[in-house]
Amino acid sequence: MAESIAVIGGSGSLGAGLAMRWARAGHDVVIGSRVPDRAADAAARLNRQAGTDTIRGTGNPEAAAAAGIVVLTVPFANHSATLDLLRPVLAGRILIDTTVPLVPPRVRTVRIPEGGSCARHTQDVLGAEVRVVSAFQNVAADHLADLAHEIDCDVLVCGNDPAAREIVVGLAADAGLRAWHAGVIANSIVAEALTSALIFMNARYRIDGAGVRITGTPGSAGR
């Protein structure tokens with residue numbers, strides 16, 4: 001089923017890659033930016049790259065208000081301010097938080113943010129009226145933005161609402177990714193912290209976008 005999706009921070013590589021892949025899968029995508037003209041320019045560029053004409057751009061609050069699913073793809077430094085800006089229009093929506101608590105220049109060192117994780121802090125701030133789901137932290141943004149790239153990385157999906165998690169698992173599949181239910185929102189700290197380790201391994205082993213794979217076959221343990 002086609003969803004209406006607002007990608008906040010959609011001019012960056014992660015947001016752009018998700019926006020293009022979802023638009024090509026038939027979803028209605030709107031790009032949000034602090035500067036509406038920048039969002040409109042980004043939407044036009046992404047439509048050209050993706051071969052679509054359905055991505056549009058506007059300001060962040062307007063984008064969030066226009067969609068049933070809001071995806072936060074802003075840097076950690078802008079996380080709290082963006083939540084404060086969007087909070088009045090998020091009630092009743094699913095918010096997918098992709099934020100990783102990276103603090104330059106020490107991005108290879110794990111940082112535990114306020115609340116235990118970015119996504120858990122987001123849920124605490126927004127309250128029960130918003131179904132927060134954590135996902136996409138461990139996928140290389142450049143790989144997502146390259147539509148010809150077959151991404152060799154799984155997605156861990158955390159959230160307190162199983163139905164909301166299931167929707168995000170489906171959206172990951174629409175973007176060409178395999179996703180797994182990984183428990184409640186508190187478990188998001190695992191995926192968020194893992195990103196710093198992956199960045200370290202990229203540098204140590206000269207890997208172009210290290211990722212994670214979940215081994216094992218669902219159902220293989222029997223009942």
# chains A, B, ... in the order shown; residues from 1 in each chain; ligands from 1

$ closest_atom_pairs --of "region 72-132 of chain A" --to "region 164-173 of chain A" --cutoff "10 Å" --atoms "only C-alpha atoms" --output "Markdown table"
| residue | atom | partner | partner_atom | distance |
| --- | --- | --- | --- | --- |
| A:Arg93 | CA | A:Ala164 | CA | 9.6 |
| A:Ile94 | CA | A:Ala164 | CA | 6.8 |
| A:Leu95 | CA | A:Ala164 | CA | 9.2 |
| A:Ile96 | CA | A:Val168 | CA | 7.8 |
| A:Arg131 | CA | A:Ala164 | CA | 6.8 |
| A:Val132 | CA | A:Ala164 | CA | 8.1 |

$ closest_residue --among "A:Ala66, A:Ala44, A:Arg106, A:Gly17" --to "Ile5 (chain A)" --atoms "only C-alpha atoms"
A:Ala66

$ atom_distance --atom1 "CA of Asn138 (chain A)" --atom2 "CA of Phe76 (chain A)"
14.7 Å

$ closest_residue --among "A:Asn60, A:Gln49, A:Ser196, A:Ser188" --to "Val110 (chain A)" --atoms "only C-alpha atoms"
A:Ser196

$ select_by_dssp --residues "region 156-203 of chain A" --states "strand (DSSP E)" --output "NGL selection string"
:A and (156-159 or 178-181)

$ select_by_dssp --residues "region 25-154 of chain A" --states "alpha helix (DSSP H)" --output "number ranges by chain"
A: 36-50, 60-65, 79-86, 118-126, 141-145

$ closest_residue --among "A:Ala50, A:Val212, A:Ala119, A:Val74" --to "Val155 (chain A)" --atoms "only C-alpha atoms"
A:Val212

$ residues_around --residues "Pro88 (chain A)" --least-positions-apart "5" --cutoff "10 Å" --atoms "only C-alpha atoms" --output "list in words"
Pro61, Ala64, Ala65, Leu83 and Leu126 of chain A

$ closest_residue --among "A:Val29, A:Ala81, A:Ala193, A:Met20" --to "Arg111 (chain A)" --atoms "only C-alpha atoms"
A:Ala193

$ atom_distance --atom1 "CA of Gln123 (chain A)" --atom2 "CA of Thr73 (chain A)"
15.7 Å

$ residues_around --residues "Ile151 (chain A)" --least-positions-apart "5" --cutoff "10 Å" --atoms "only C-alpha atoms" --output "PDB file with N, CA, C and O atoms, in the first residue's frame"
ATOM      1  N   VAL A 139      23.045   1.714   7.765  1.00  0.00           N
ATOM      2  CA  VAL A 139      23.143   1.634   6.306  1.00  0.00           C
ATOM      3  C   VAL A 139      23.983   2.797   5.794  1.00  0.00           C
ATOM      4  O   VAL A 139      23.734   3.953   6.159  1.00  0.00           O
ATOM      5  N   ALA A 140      24.971   2.508   4.953  1.00  0.00           N
ATOM      6  CA  ALA A 140      25.811   3.557   4.394  1.00  0.00           C
ATOM      7  C   ALA A 140      24.968   4.501   3.544  1.00  0.00           C
ATOM      8  O   ALA A 140      24.307   4.063   2.596  1.00  0.00           O
ATOM      9  N   HIS A 143      25.560   4.502  -0.198  1.00  0.00           N
ATOM     10  CA  HIS A 143      25.016   3.328  -0.873  1.00  0.00           C
ATOM     11  C   HIS A 143      23.525   3.504  -1.139  1.00  0.00           C
ATOM     12  O   HIS A 143      23.027   3.126  -2.202  1.00  0.00           O
ATOM     13  N   LEU A 144      22.805   4.075  -0.181  1.00  0.00           N
ATOM     14  CA  LEU A 144      21.380   4.319  -0.383  1.00  0.00           C
ATOM     15  C   LEU A 144      21.138   5.277  -1.532  1.00  0.00           C
ATOM     16  O   LEU A 144      20.202   5.115  -2.314  1.00  0.00           O
ATOM     17  N   ASP A 146      22.920   5.724  -4.121  1.00  0.00           N
ATOM     18  CA  ASP A 146      23.283   5.115  -5.402  1.00  0.00           C
ATOM     19  C   ASP A 146      22.236   4.059  -5.722  1.00  0.00           C
ATOM     20  O   ASP A 146      22.270   2.950  -5.200  1.00  0.00           O
ATOM     21  N   ALA A 175      12.681  -0.189  -0.046  1.00  0.00           N
ATOM     22  CA  ALA A 175      13.936   0.498  -0.359  1.00  0.00           C
ATOM     23  C   ALA A 175      15.041  -0.480  -0.741  1.00  0.00           C
ATOM     24  O   ALA A 175      16.195  -0.079  -0.930  1.00  0.00           O
ATOM     25  N   GLY A 176      14.714  -1.770  -0.835  1.00  0.00           N
ATOM     26  CA  GLY A 176      15.698  -2.770  -1.226  1.00  0.00           C
ATOM     27  C   GLY A 176      16.511  -3.318  -0.077  1.00  0.00           C
ATOM     28  O   GLY A 176      17.613  -3.843  -0.291  1.00  0.00           O
ATOM     29  N   LEU A 177      15.970  -3.243   1.143  1.00  0.00           N
ATOM     30  CA  LEU A 177      16.693  -3.669   2.332  1.00  0.00           C
ATOM     31  C   LEU A 177      15.936  -4.751   3.074  1.00  0.00           C
ATOM     32  O   LEU A 177      14.706  -4.827   3.005  1.00  0.00           O
ATOM     33  N   ARG A 178      16.675  -5.593   3.814  1.00  0.00           N
ATOM     34  CA  ARG A 178      16.051  -6.584   4.676  1.00  0.00           C
ATOM     35  C   ARG A 178      16.051  -6.051   6.105  1.00  0.00           C
ATOM     36  O   ARG A 178      17.092  -5.625   6.609  1.00  0.00           O
ATOM     37  N   GLY A 209      31.792   1.260   3.333  1.00  0.00           N
ATOM     38  CA  GLY A 209      30.466   1.137   3.915  1.00  0.00           C
ATOM     39  C   GLY A 209      30.202  -0.195   4.586  1.00  0.00           C
ATOM     40  O   GLY A 209      29.376  -0.986   4.105  1.00  0.00           O
ATOM     41  N   GLY A 211      28.600  -2.916   6.947  1.00  0.00           N
ATOM     42  CA  GLY A 211      27.224  -3.064   7.406  1.00  0.00           C
ATOM     43  C   GLY A 211      27.077  -4.280   8.290  1.00  0.00           C
ATOM     44  O   GLY A 211      28.071  -4.919   8.663  1.00  0.00           O
TER      45      GLY A 211
END

$ residues_around --residues "Leu46 (chain A)" --least-positions-apart "2" --cutoff "12 Å" --atoms "only C-alpha atoms" --output "count of residues only"
36

$ closest_residue --among "A:Glu62, A:Glu129, A:Glu192, A:Asp124" --to "Ala91 (chain A)" --atoms "only C-alpha atoms"
A:Glu129

$ closest_residue --among "A:Gly32, A:Val125, A:Gly216, A:Val157" --to "Gly183 (chain A)" --atoms "only C-alpha atoms"
A:Val157
